[in-house]
$ cat protein_33.cif   # mmCIF, C-alpha atoms and all ligand atoms
data_input
loop_
_atom_site.label_atom_id
_atom_site.label_comp_id
_atom_site.auth_asym_id
_atom_site.auth_seq_id
_atom_site.Cartn_x
_atom_site.Cartn_y
_atom_site.Cartn_z
CA MET A 15 71.83 32.63 53.62
CA THR A 16 72.24 30.25 50.74
CA ARG A 17 70.64 27.53 52.88
CA LEU A 18 67.73 29.87 53.64
CA PHE A 19 67.22 30.42 49.90
CA ALA A 20 67.43 26.67 49.30
CA HIS A 21 64.70 26.11 51.94
CA LEU A 22 62.59 28.87 50.45
CA ARG A 23 62.95 27.30 46.96
CA ALA A 24 61.93 23.94 48.38
CA VAL A 25 58.87 25.50 50.10
CA ILE A 26 57.83 27.43 46.96
CA GLY A 27 58.37 24.33 44.83
CA ALA A 28 56.23 22.26 47.20
CA LEU A 29 53.50 24.93 47.20
CA ALA A 30 53.56 25.10 43.39
CA LEU A 31 53.28 21.31 43.22
CA LEU A 32 50.35 21.36 45.66
CA GLY A 33 48.68 24.14 43.65
CA PHE A 34 49.14 22.18 40.46
CA LEU A 35 47.72 19.05 42.08
CA ALA A 36 44.80 21.06 43.47
CA LEU A 37 44.03 22.36 39.99
CA ALA A 38 44.60 19.01 38.36
CA ALA A 39 42.38 17.16 40.85
CA PRO A 40 39.02 18.62 39.75
CA ALA A 41 40.02 18.05 36.14
CA GLY A 42 40.81 14.46 37.03
CA ALA A 43 37.51 14.16 38.91
CA GLN A 44 35.67 15.42 35.80
CA GLN A 45 37.36 12.87 33.61
CA PRO A 46 34.54 10.25 33.61
CA ILE A 47 31.93 12.92 32.73
CA SER A 48 33.91 14.06 29.72
CA VAL A 49 33.98 10.54 28.30
CA ASN A 50 32.25 10.58 24.90
CA PRO A 51 28.84 9.02 25.59
CA THR A 52 28.58 7.67 22.04
CA ALA A 53 31.97 6.01 22.16
CA SER A 54 30.46 2.53 22.47
CA SER A 55 28.26 3.00 19.41
CA VAL A 56 31.23 4.32 17.53
CA LYS A 57 32.93 1.06 18.33
CA GLU A 58 29.84 -0.84 17.19
CA ASP A 59 29.89 1.16 13.97
CA GLN A 60 33.53 0.30 13.48
CA LEU A 61 32.74 -3.34 14.17
CA LEU A 62 29.92 -3.29 11.63
CA GLU A 63 32.14 -1.65 9.08
CA GLN A 64 34.77 -4.29 9.52
CA PHE A 65 32.60 -7.39 9.88
CA LYS A 66 29.36 -6.19 8.23
CA GLN A 67 27.44 -8.26 10.77
CA VAL A 68 27.10 -8.31 14.56
CA GLU A 69 26.40 -11.76 15.85
CA GLY A 70 26.53 -13.42 19.25
CA ARG A 71 26.26 -16.91 20.66
CA GLY A 72 23.16 -18.40 22.16
CA THR A 73 21.79 -21.55 23.70
CA ILE A 74 18.37 -21.75 22.05
CA PRO A 75 18.03 -23.86 18.88
CA ASP A 76 16.91 -20.89 16.73
CA VAL A 77 20.38 -19.91 15.46
CA LYS A 78 19.12 -16.99 13.36
CA SER A 79 18.24 -15.21 16.61
CA TYR A 80 21.98 -14.95 17.33
CA VAL A 81 22.33 -12.35 14.55
CA ILE A 82 21.87 -8.92 16.08
CA GLU A 83 22.52 -6.76 13.02
CA HIS A 84 23.40 -7.50 9.42
CA PRO A 85 23.73 -5.42 6.26
CA ALA A 86 20.44 -6.51 4.69
CA GLY A 87 18.67 -5.65 7.94
CA ARG A 88 20.00 -2.12 7.78
CA ASP A 89 18.92 -1.88 4.12
CA TRP A 90 15.45 -3.05 5.11
CA ARG A 91 15.24 -0.55 7.99
CA HIS A 92 16.20 2.27 5.64
CA PHE A 93 13.66 1.06 3.11
CA HIS A 94 10.88 0.90 5.73
CA GLU A 95 11.70 4.17 7.46
CA VAL A 96 12.63 6.30 4.44
CA THR A 97 12.23 4.82 0.94
CA LEU A 98 8.75 3.35 1.33
CA VAL A 99 7.49 6.48 3.07
CA TRP A 100 8.56 8.53 0.03
CA ILE A 101 7.22 6.02 -2.52
CA GLY A 102 3.87 5.92 -0.71
CA ALA A 103 3.55 9.66 -0.20
CA ILE A 104 4.48 10.47 -3.80
CA THR A 105 2.32 7.84 -5.54
CA ILE A 106 -0.78 8.40 -3.41
CA LEU A 107 -0.61 12.19 -3.30
CA ALA A 108 0.25 12.39 -7.02
CA MET A 109 -2.76 10.24 -7.88
CA LEU A 110 -5.06 12.32 -5.66
CA ALA A 111 -3.76 15.52 -7.25
CA LEU A 112 -4.27 14.09 -10.74
CA LEU A 113 -7.83 13.09 -9.96
CA VAL A 114 -8.66 16.49 -8.50
CA ILE A 115 -7.22 18.22 -11.60
CA PHE A 116 -9.08 15.82 -13.90
CA TYR A 117 -12.32 16.44 -12.05
CA LEU A 118 -11.86 20.21 -12.20
CA VAL A 119 -11.08 20.11 -15.93
CA ARG A 120 -13.47 17.40 -17.14
CA GLY A 121 -16.08 17.24 -14.40
CA MET A 122 -18.41 14.27 -14.15
CA ILE A 123 -18.76 12.33 -17.42
CA ARG A 124 -22.47 12.59 -18.07
CA ILE A 125 -24.86 10.24 -19.88
CA GLU A 126 -24.93 12.32 -23.04
CA ASN A 127 -28.31 11.21 -24.28
CA GLY A 128 -29.84 11.40 -20.83
CA ARG A 129 -31.41 8.48 -19.01
CA SER A 130 -33.67 6.24 -21.07
CA GLY A 131 -35.53 4.90 -18.07
CA ARG A 132 -34.82 1.37 -19.26
CA LYS A 133 -32.33 -0.80 -17.43
CA ILE A 134 -29.99 -3.57 -18.36
CA VAL A 135 -28.55 -6.05 -15.89
CA ARG A 136 -24.80 -5.59 -15.62
CA PHE A 137 -23.73 -7.59 -12.56
CA SER A 138 -25.44 -10.47 -10.74
CA PHE A 139 -25.88 -10.56 -6.97
CA PHE A 140 -22.97 -12.98 -6.64
CA GLU A 141 -20.67 -10.75 -8.70
CA ARG A 142 -21.56 -7.72 -6.59
CA PHE A 143 -21.14 -9.68 -3.37
CA VAL A 144 -17.63 -10.81 -4.38
CA HIS A 145 -16.74 -7.29 -5.52
CA TRP A 146 -17.85 -5.64 -2.26
CA MET A 147 -16.31 -8.34 -0.07
CA THR A 148 -12.94 -7.83 -1.78
CA ALA A 149 -13.29 -4.04 -1.85
CA THR A 150 -14.18 -3.85 1.86
CA CYS A 151 -11.20 -6.01 2.80
CA PHE A 152 -8.98 -3.95 0.49
CA ILE A 153 -9.99 -0.63 2.03
CA ILE A 154 -9.51 -1.88 5.60
CA GLN A 155 -6.21 -3.53 4.71
CA ALA A 156 -5.03 -0.42 2.89
CA LEU A 157 -5.83 1.82 5.89
CA SER A 158 -4.35 -0.59 8.44
CA GLY A 159 -1.27 -1.12 6.22
CA LEU A 160 -0.76 2.61 5.75
CA ASN A 161 -0.89 2.88 9.54
CA ILE A 162 2.21 0.66 9.68
CA THR A 163 4.06 2.91 7.24
CA PHE A 164 2.79 6.36 8.23
CA GLY A 165 0.95 6.00 11.55
CA LYS A 166 3.96 6.66 13.78
CA ARG A 167 4.55 9.97 11.99
CA LEU A 168 0.99 11.13 11.35
CA LEU A 169 -1.27 9.62 14.00
CA LEU A 170 0.92 9.05 17.05
CA PRO A 171 1.42 12.79 17.67
CA LEU A 172 -2.34 13.38 17.33
CA MET A 173 -3.63 10.37 19.29
CA GLY A 174 -0.98 9.91 21.92
CA PRO A 175 0.79 6.63 22.65
CA GLU A 176 -2.04 4.74 24.39
CA ALA A 177 -4.78 5.34 21.83
CA PHE A 178 -2.30 4.81 19.02
CA SER A 179 -1.14 1.43 20.30
CA ALA A 180 -4.74 0.28 20.92
CA TRP A 181 -5.79 1.33 17.39
CA SER A 182 -2.65 -0.17 15.86
CA GLU A 183 -3.22 -3.48 17.61
CA TRP A 184 -6.77 -3.75 16.23
CA ALA A 185 -5.64 -2.51 12.82
CA LYS A 186 -3.01 -5.24 12.74
CA TYR A 187 -5.55 -7.95 13.65
CA ALA A 188 -7.87 -6.66 10.91
CA HIS A 189 -5.00 -6.57 8.40
CA ASN A 190 -4.03 -10.16 9.07
CA TYR A 191 -7.47 -11.79 9.40
CA LEU A 192 -9.07 -9.97 6.45
CA SER A 193 -6.28 -11.36 4.28
CA PHE A 194 -8.31 -14.56 3.95
CA PRO A 195 -11.53 -13.14 2.46
CA PHE A 196 -9.40 -10.71 0.43
CA THR A 197 -7.41 -13.56 -1.14
CA LEU A 198 -10.60 -15.54 -1.75
CA GLY A 199 -12.06 -12.44 -3.46
CA VAL A 200 -9.01 -12.02 -5.72
CA ILE A 201 -9.26 -15.69 -6.77
CA LEU A 202 -13.03 -15.48 -7.39
CA ILE A 203 -12.67 -12.24 -9.38
CA PHE A 204 -9.98 -13.88 -11.48
CA PHE A 205 -12.28 -16.76 -12.51
CA MET A 206 -15.51 -14.77 -12.54
CA TRP A 207 -14.44 -12.05 -14.98
CA ILE A 208 -11.55 -13.53 -16.96
CA GLY A 209 -13.93 -14.21 -19.86
CA GLY A 210 -14.62 -10.52 -20.41
CA ASN A 211 -11.06 -9.40 -19.81
CA ILE A 212 -9.06 -11.07 -22.54
CA PRO A 213 -7.62 -8.26 -24.70
CA ASN A 214 -9.08 -7.97 -28.22
CA ARG A 215 -9.12 -5.63 -31.26
CA ALA A 216 -11.77 -3.36 -29.77
CA ASP A 217 -9.30 -2.49 -26.99
CA LEU A 218 -6.77 -1.13 -29.50
CA GLU A 219 -9.41 1.14 -30.98
CA TRP A 220 -10.55 2.18 -27.49
CA LEU A 221 -6.98 3.00 -26.47
CA LYS A 222 -6.28 4.86 -29.73
CA ARG A 223 -9.25 7.10 -28.99
CA GLY A 224 -8.07 7.65 -25.41
CA GLY A 225 -11.09 5.83 -24.03
CA GLY A 226 -13.20 8.81 -25.01
CA VAL A 227 -12.45 10.48 -21.68
CA ILE A 228 -11.34 13.65 -23.42
CA GLY A 229 -14.04 15.25 -25.54
CA HIS A 230 -17.33 13.50 -26.21
CA ASP A 231 -16.13 10.41 -28.03
CA HIS A 232 -17.55 6.97 -27.20
CA PRO A 233 -15.27 4.27 -28.59
CA PRO A 234 -17.10 0.93 -28.74
CA ALA A 235 -16.37 -1.70 -26.10
CA TYR A 236 -17.59 -5.12 -25.06
CA ARG A 237 -18.53 -5.85 -21.43
CA PHE A 238 -15.22 -4.42 -20.19
CA ASN A 239 -13.26 -1.70 -21.98
CA ALA A 240 -9.45 -1.55 -22.13
CA GLY A 241 -9.30 0.65 -19.03
CA GLN A 242 -11.36 -1.81 -17.02
CA LYS A 243 -9.30 -4.69 -18.35
CA ALA A 244 -6.16 -2.91 -17.12
CA ILE A 245 -7.74 -2.58 -13.65
CA TYR A 246 -8.72 -6.27 -13.74
CA TRP A 247 -5.20 -7.49 -14.60
CA ILE A 248 -3.55 -5.09 -12.17
CA GLN A 249 -5.78 -6.40 -9.40
CA VAL A 250 -5.06 -10.02 -10.39
CA PHE A 251 -1.26 -9.59 -10.43
CA ALA A 252 -0.98 -7.05 -7.61
CA GLY A 253 -3.47 -9.10 -5.57
CA ALA A 254 -1.39 -12.25 -6.09
CA ALA A 255 1.89 -10.47 -5.28
CA ILE A 256 0.47 -8.81 -2.19
CA ALA A 257 -1.08 -12.06 -0.95
CA VAL A 258 2.05 -14.19 -1.48
CA SER A 259 4.36 -11.59 0.10
CA GLY A 260 1.83 -10.97 2.89
CA TYR A 261 1.58 -14.66 3.82
CA ILE A 262 5.39 -14.91 3.85
CA LEU A 263 5.28 -12.10 6.45
CA ILE A 264 2.42 -13.61 8.45
CA PHE A 265 4.11 -17.04 8.59
CA PRO A 266 7.76 -16.13 9.04
CA PHE A 267 10.58 -18.56 8.33
CA TYR A 268 8.42 -21.35 6.92
CA GLY A 269 10.83 -22.25 4.13
CA THR A 270 12.20 -18.68 4.02
CA ASP A 271 15.28 -17.11 5.55
CA ILE A 272 15.75 -13.57 6.82
CA ASN A 273 16.70 -12.25 3.36
CA ALA A 274 13.52 -13.64 1.79
CA MET A 275 11.52 -12.11 4.65
CA GLU A 276 13.04 -8.71 3.97
CA ILE A 277 12.43 -8.98 0.23
CA ALA A 278 8.82 -9.99 0.92
CA GLY A 279 8.41 -6.90 3.11
CA MET A 280 9.76 -4.65 0.38
CA VAL A 281 7.62 -6.22 -2.38
CA HIS A 282 4.55 -6.01 -0.16
CA GLY A 283 5.08 -2.35 0.67
CA ILE A 284 5.80 -1.18 -2.90
CA VAL A 285 2.96 -3.18 -4.48
CA ALA A 286 0.60 -1.89 -1.78
CA MET A 287 1.36 1.77 -2.53
CA LEU A 288 0.94 1.34 -6.30
CA PHE A 289 -2.18 -0.77 -5.80
CA ILE A 290 -3.74 1.89 -3.56
CA ALA A 291 -3.00 4.61 -6.13
CA VAL A 292 -4.61 2.56 -8.93
CA MET A 293 -7.65 1.78 -6.82
CA LEU A 294 -8.12 5.47 -6.03
CA ALA A 295 -8.55 6.04 -9.77
CA HIS A 296 -10.94 3.07 -9.96
CA ILE A 297 -13.01 4.43 -7.05
CA TYR A 298 -13.06 7.88 -8.65
CA ILE A 299 -14.41 6.71 -12.01
CA GLY A 300 -16.96 4.45 -10.33
CA THR A 301 -18.39 7.28 -8.20
CA ILE A 302 -18.06 11.02 -8.89
CA GLY A 303 -16.13 10.55 -12.15
CA MET A 304 -18.96 9.07 -14.24
CA GLU A 305 -22.71 9.45 -14.05
CA GLY A 306 -24.56 6.14 -13.85
CA ALA A 307 -21.52 3.96 -13.22
CA PHE A 308 -22.03 3.25 -9.51
CA GLU A 309 -25.42 1.65 -10.16
CA ALA A 310 -23.69 -1.24 -11.88
CA MET A 311 -22.22 -2.36 -8.55
CA GLY A 312 -25.05 -0.87 -6.47
CA THR A 313 -28.30 -2.31 -7.79
CA GLY A 314 -26.62 -4.40 -10.48
CA GLU A 315 -28.52 -2.60 -13.26
CA VAL A 316 -27.47 0.33 -15.43
CA ASP A 317 -29.40 2.68 -17.66
CA LEU A 318 -29.58 1.44 -21.23
CA ASN A 319 -28.25 4.75 -22.59
CA TRP A 320 -25.27 4.59 -20.26
CA ALA A 321 -24.56 1.06 -21.44
CA LYS A 322 -24.91 2.04 -25.12
CA GLU A 323 -22.51 4.94 -24.69
CA HIS A 324 -19.81 3.06 -22.81
CA HIS A 325 -20.25 -0.61 -23.82
CA ARG A 326 -22.05 -0.60 -27.17
CA LEU A 327 -20.77 -3.97 -28.38
CA TRP A 328 -21.79 -5.61 -25.10
CA VAL A 329 -25.27 -4.06 -25.27
CA GLU A 330 -25.71 -5.41 -28.82
CA GLU A 331 -24.84 -8.90 -27.55
CA GLU A 332 -27.18 -8.59 -24.58
CA LEU A 333 -30.06 -7.21 -26.65
CA ALA A 334 -29.61 -10.08 -29.09
CA LYS A 335 -30.10 -12.38 -26.09
CA GLY A 336 -33.14 -10.31 -25.07
CA ARG A 337 -31.68 -9.05 -21.79
CA THR A 338 -33.05 -5.67 -20.66
CA ALA A 339 -35.49 -4.64 -17.97
CA PRO A 340 -38.77 -2.81 -18.76
CA ALA A 341 -39.04 0.97 -18.50
CA SER A 342 -40.01 0.74 -14.80
CA GLY A 343 -36.51 -0.63 -14.25
CA ARG A 344 -37.32 -3.56 -11.97
CA ALA A 345 -34.41 -5.56 -10.53
CA ALA A 346 -34.86 -8.75 -12.50
CA ALA A 347 -33.63 -9.10 -16.05
CA THR A 348 -36.52 -9.46 -18.48
CA PRO A 349 -36.68 -9.76 -22.24
CA ALA A 350 -36.52 -6.54 -24.27
CA GLU A 351 -39.78 -5.10 -25.47
C1 LIG A 401 -3.55 -11.48 1.48
C2 LIG A 401 -3.51 -10.23 1.81
C3 LIG A 401 -2.51 -9.59 2.74
C4 LIG A 401 -1.70 -10.13 3.69
C5 LIG A 401 -1.55 -11.58 4.07
C6 LIG A 401 -0.95 -9.05 4.30
C7 LIG A 401 -0.04 -9.15 5.33
C8 LIG A 401 0.77 -8.13 5.80
C9 LIG A 401 1.74 -8.26 6.85
C10 LIG A 401 2.02 -9.52 7.63
C11 LIG A 401 2.36 -7.05 6.99
C12 LIG A 401 3.51 -6.71 7.92
C13 LIG A 401 2.98 -6.10 9.13
C14 LIG A 401 4.05 -5.76 10.10
O1 LIG A 401 5.13 -5.29 9.70
O2 LIG A 401 3.75 -5.94 11.26
C15 LIG A 401 1.76 -6.14 6.05
C16 LIG A 401 2.10 -4.82 5.90
C17 LIG A 401 1.51 -3.95 5.02
N1 LIG A 401 0.45 -4.24 4.18
FE1 LIG A 401 -0.42 -6.04 3.94
N2 LIG A 401 -1.32 -7.89 3.68
C18 LIG A 401 -2.27 -8.18 2.73
C19 LIG A 401 -2.93 -7.28 1.91
C20 LIG A 401 -2.67 -5.95 1.84
C21 LIG A 401 -3.38 -5.00 1.00
C22 LIG A 401 -4.54 -5.36 0.10
C23 LIG A 401 -2.80 -3.79 1.20
C24 LIG A 401 -3.13 -2.46 0.59
C25 LIG A 401 -3.69 -2.29 -0.51
C26 LIG A 401 -1.72 -3.97 2.13
C27 LIG A 401 -0.88 -2.97 2.56
C28 LIG A 401 0.14 -3.11 3.46
C29 LIG A 401 1.04 -2.05 3.84
C30 LIG A 401 1.03 -0.62 3.31
C31 LIG A 401 1.90 -2.58 4.81
C32 LIG A 401 3.02 -1.83 5.53
C33 LIG A 401 4.30 -1.99 4.76
C34 LIG A 401 5.46 -1.38 5.50
O3 LIG A 401 5.33 -0.26 6.01
O4 LIG A 401 6.50 -2.04 5.56
N3 LIG A 401 -1.67 -5.29 2.51
N4 LIG A 401 0.78 -6.82 5.34
#
$ encode --input "protein_33.cif" --output "structure tokens" --more "lines below"
Ligand code: HEM
Amino acid sequence: MTRLFAHLRAVIGALALLGFLALAAPAGAQQPISVNPTASSVKEDQLLEQFKQVEGRGTIPDVKSYVIEHPAGRDWRHFHEVTLVWIGAITILAMLALLVIFYLVRGMIRIENGRSGRKIVRFSFFERFVHWMTATCFIIQALSGLNITFGKRLLLPLMGPEAFSAWSEWAKYAHNYLSFPFTLGVILIFFMWIGGNIPNRADLEWLKRGGGVIGHDHPPAYRFNAGQKAIYWIQVFAGAAIAVSGYILIFPFYGTDINAMEIAGMVHGIVAMLFIAVMLAHIYIGTIGMEGAFEAMGTGEVDLNWAKEHHRLWVEEELAKGRTAPASGRAAATPAE
């Protein structure tokens, strides 16, 4: 009897073991599926935390290509994907909002005494050519540059991947090749208008009176007022910074290392956003913001009353030289009547 019980115990024990194995087997079979799929990146993260840099070995002479990830690279990626996007969105949208509010409050600044019908030459053909060459390059470079910062977020979902990559490829060519006439324009503008852009006493007075933009004041100014001088110097310095940093990016590793490349990318992006915001204000005042201003860069001539209201000291100098056009307002500069 006791032997029978012993046999029974052995059989039950064996069955229990089999049952346990049967249950354990599927769990064992599931084991590979339950492996954490991000485990390898966790290890990479741990590696990065410990060594700050992931680097391999290679056989090509370009040793910097052996570096796969490094701290400054991660900083740059964060800057490009997050920080610059915020800087750009805030500066550009804030400027647009400001201009809309200003327009709604102040409206177009009119020629208070009305048009005189007489013209005075403000910019020569060469000056206008240089201005429009630089401005055209700037606008195309601004749009193609903004595509690098915002395109993936704003345009890719609308255009789809194929159209977006075709547009981005052309935008990138335009951005790079227009850099040459743009840089030439910045240099020419620097030499062409530096004479009229040296700060002087009249600028202090102009600034003290807020440029006359609020109310109906017309503080006297020479050829360029303090506001225009600010635009001039911003375009000289921002133009230089954007060109130098841009050429460092176009010609990588010519006397620069990866850190300098990343700094150049950051400088380029930040200067670009501020530059675009400033130029929006410049475009505003030259078009819908002020009656009679666009003609200066359009035909090259402005109405004498406009000139007297905004650049009285310059008009006095010009009249002393006998430079106005007759009432019919023909293109050429002729002596005053
Ligand atoms: C001499 C003139 C310029 C040169 C050589 C130049 C060159 C470059 C290069 C090589 C890049 C990097 C493109 C890439 O990552 O594939 C870039 C990006 C960019 N550029 Fe320019 N550029 C110039 C002028 C301008 C101007 C005038 C603007 C705007 C006003 C501008 C705005 C931008 C912007 C917003 C980016 C994208 C920045 C980013 O998201 O990281 N650039 N530029």
$ closest_residue --input "protein_33.cif" --among "A:Gly314, A:Pro195, A:Pro75, A:Gly260" --to "ligand LIG 401 (chain A)" --atoms "only C-alpha atoms and all ligand atoms"
A:Gly260
$ closest_atom_pairs --input "protein_33.cif" --of "chain A" --to "ligand LIG 401 (chain A)" --cutoff "8 Å" --atoms "all atoms listed in the file" --output "CSV"
residue,atom,partner,partner_atom,distance
A:His94,CA,A:LIG401,O4,5.3
A:Glu95,CA,A:LIG401,O3,7.9
A:Leu98,CA,A:LIG401,O3,6.8
A:Val99,CA,A:LIG401,O3,7.7
A:Cys151,CA,A:LIG401,C22,7.2
A:Phe152,CA,A:LIG401,C22,4.7
A:Ile153,CA,A:LIG401,C25,7.0
A:Gln155,CA,A:LIG401,C21,4.9
A:Ala156,CA,A:LIG401,C24,3.6
A:Leu157,CA,A:LIG401,C24,7.3
A:Ser158,CA,A:LIG401,C28,7.2
A:Gly159,CA,A:LIG401,C29,3.4
A:Leu160,CA,A:LIG401,C30,4.4
A:Asn161,CA,A:LIG401,C32,7.3
A:Ile162,CA,A:LIG401,O3,4.9
A:Thr163,CA,A:LIG401,O3,3.6
A:Phe164,CA,A:LIG401,O3,7.4
A:Lys186,CA,A:LIG401,O2,7.0
A:His189,CA,A:LIG401,N2,6.1
A:Asn190,CA,A:LIG401,C7,5.6
A:Tyr191,CA,A:LIG401,C5,8.0
A:Leu192,CA,A:LIG401,C2,7.2
A:Ser193,CA,A:LIG401,C2,3.9
A:Phe194,CA,A:LIG401,C1,6.2
A:Phe196,CA,A:LIG401,C1,6.0
A:Thr197,CA,A:LIG401,C1,5.1
A:Gly253,CA,A:LIG401,C22,6.9
A:Ala254,CA,A:LIG401,C1,7.9
A:Ile256,CA,A:LIG401,C19,5.5
A:Ala257,CA,A:LIG401,C1,3.5
A:Val258,CA,A:LIG401,C1,6.9
A:Ser259,CA,A:LIG401,C5,7.1
A:Gly260,CA,A:LIG401,C7,3.6
A:Tyr261,CA,A:LIG401,C5,4.4
A:Ile262,CA,A:LIG401,C10,7.4
A:Leu263,CA,A:LIG401,C10,4.3
A:Ile264,CA,A:LIG401,C10,4.2
A:Phe265,CA,A:LIG401,C10,7.9
A:Gly279,CA,A:LIG401,O4,5.8
A:Met280,CA,A:LIG401,O4,6.7
A:His282,CA,A:LIG401,N1,6.2
A:Gly283,CA,A:LIG401,C33,4.2
A:Ile284,CA,A:LIG401,C33,7.8
A:Val285,CA,A:LIG401,C25,7.8
A:Ala286,CA,A:LIG401,C24,4.5
A:Met287,CA,A:LIG401,C30,6.3
A:Phe289,CA,A:LIG401,C25,5.7
A:Ile290,CA,A:LIG401,C25,5.2
$ closest_residue --input "protein_33.cif" --among "A:Arg71, A:Lys78, A:His230, A:Lys66" --to "Phe267 (chain A)" --atoms "all atoms listed in the file"
A:Lys78
$ closest_residue --input "protein_33.cif" --among "A:Ala188, A:Leu288, A:Val200, A:Met122" --to "Met147 (chain A)" --atoms "all atoms listed in the file"
A:Val200
$ closest_residue --input "protein_33.cif" --among "A:Glu323, A:Val227, A:Trp207, A:Glu331" --to "Phe137 (chain A)" --atoms "all atoms listed in the file"
A:Trp207
$ axis_aligned_box --input "protein_33.cif" --around "region 282-288 of chain A" --padding-each-side "6 Å" --output "lines of an AutoDock Vina configuration file"
center_x = 3.2
center_y = -2.1
center_z = -2.8
size_x = 17.2
size_y = 19.8
size_z = 19.0
$ atom_distance --input "protein_33.cif" --atom1 "CA of Trp100 (chain A)" --atom2 "CA of Leu169 (chain A)"
17.1 Å
$ atom_distance --input "protein_33.cif" --atom1 "CA of Trp320 (chain A)" --atom2 "CA of Gln249 (chain A)"
24.9 Å
$ closest_residue --input "protein_33.cif" --among "A:Arg237, A:Ala278, A:Glu183, A:Lys222" --to "Gly209 (chain A)" --atoms "all atoms listed in the file"
A:Arg237
$ residues_around --input "protein_33.cif" --residues "Arg129 (chain A)" --least-positions-apart "3" --cutoff "12 Å" --atoms "all atoms listed in the file" --output "CSV table (one decimal) with C-alpha atoms, keeping the file's coordinate frame"
chain,number,residue,atom,x,y,z
A,124,ARG,CA,-22.5,12.6,-18.1
A,125,ILE,CA,-24.9,10.2,-19.9
A,126,GLU,CA,-24.9,12.3,-23.0
A,132,ARG,CA,-34.8,1.4,-19.3
A,133,LYS,CA,-32.3,-0.8,-17.4
A,305,GLU,CA,-22.7,9.4,-14.0
A,306,GLY,CA,-24.6,6.1,-13.8
A,316,VAL,CA,-27.5,0.3,-15.4
A,317,ASP,CA,-29.4,2.7,-17.7
A,318,LEU,CA,-29.6,1.4,-21.2
A,319,ASN,CA,-28.2,4.8,-22.6
A,320,TRP,CA,-25.3,4.6,-20.3
A,321,ALA,CA,-24.6,1.1,-21.4
A,322,LYS,CA,-24.9,2.0,-25.1
A,323,GLU,CA,-22.5,4.9,-24.7
A,341,ALA,CA,-39.0,1.0,-18.5
A,343,GLY,CA,-36.5,-0.6,-14.2
$ residues_around --input "protein_33.cif" --residues "His84 (chain A)" --least-positions-apart "6" --cutoff "9 Å" --atoms "all atoms listed in the file" --output "list in words"
Leu62, Lys66, Gln67, Val68 and Glu69 of chain A
$ residues_around --input "protein_33.cif" --residues "region 213-217 of chain A" --least-positions-apart "4" --cutoff "8 Å" --atoms "only C-alpha atoms" --output "MDAnalysis selection string"
chainID A and resid 221 234:236 239:240 243
$ atom_distance --input "protein_33.cif" --atom1 "CA of Val77 (chain A)" --atom2 "CA of Leu61 (chain A)"
20.7 Å
$ residues_around --input "protein_33.cif" --residues "region 291-295 of chain A" --least-positions-apart "6" --cutoff "8 Å" --atoms "all atoms listed in the file" --output "MDAnalysis selection string"
chainID A and resid 105:106 109:110 113 245
$ closest_residue --input "protein_33.cif" --among "A:Arg326, A:Glu332, A:Glu315, A:Tyr187" --to "Trp220 (chain A)" --atoms "all atoms listed in the file"
A:Arg326
$ residues_around --input "protein_33.cif" --residues "region 138-144 of chain A" --least-positions-apart "4" --cutoff "8 Å" --atoms "all atoms listed in the file" --output "MDAnalysis selection string"
chainID A and resid 148 199 202:203 206 311:312 314
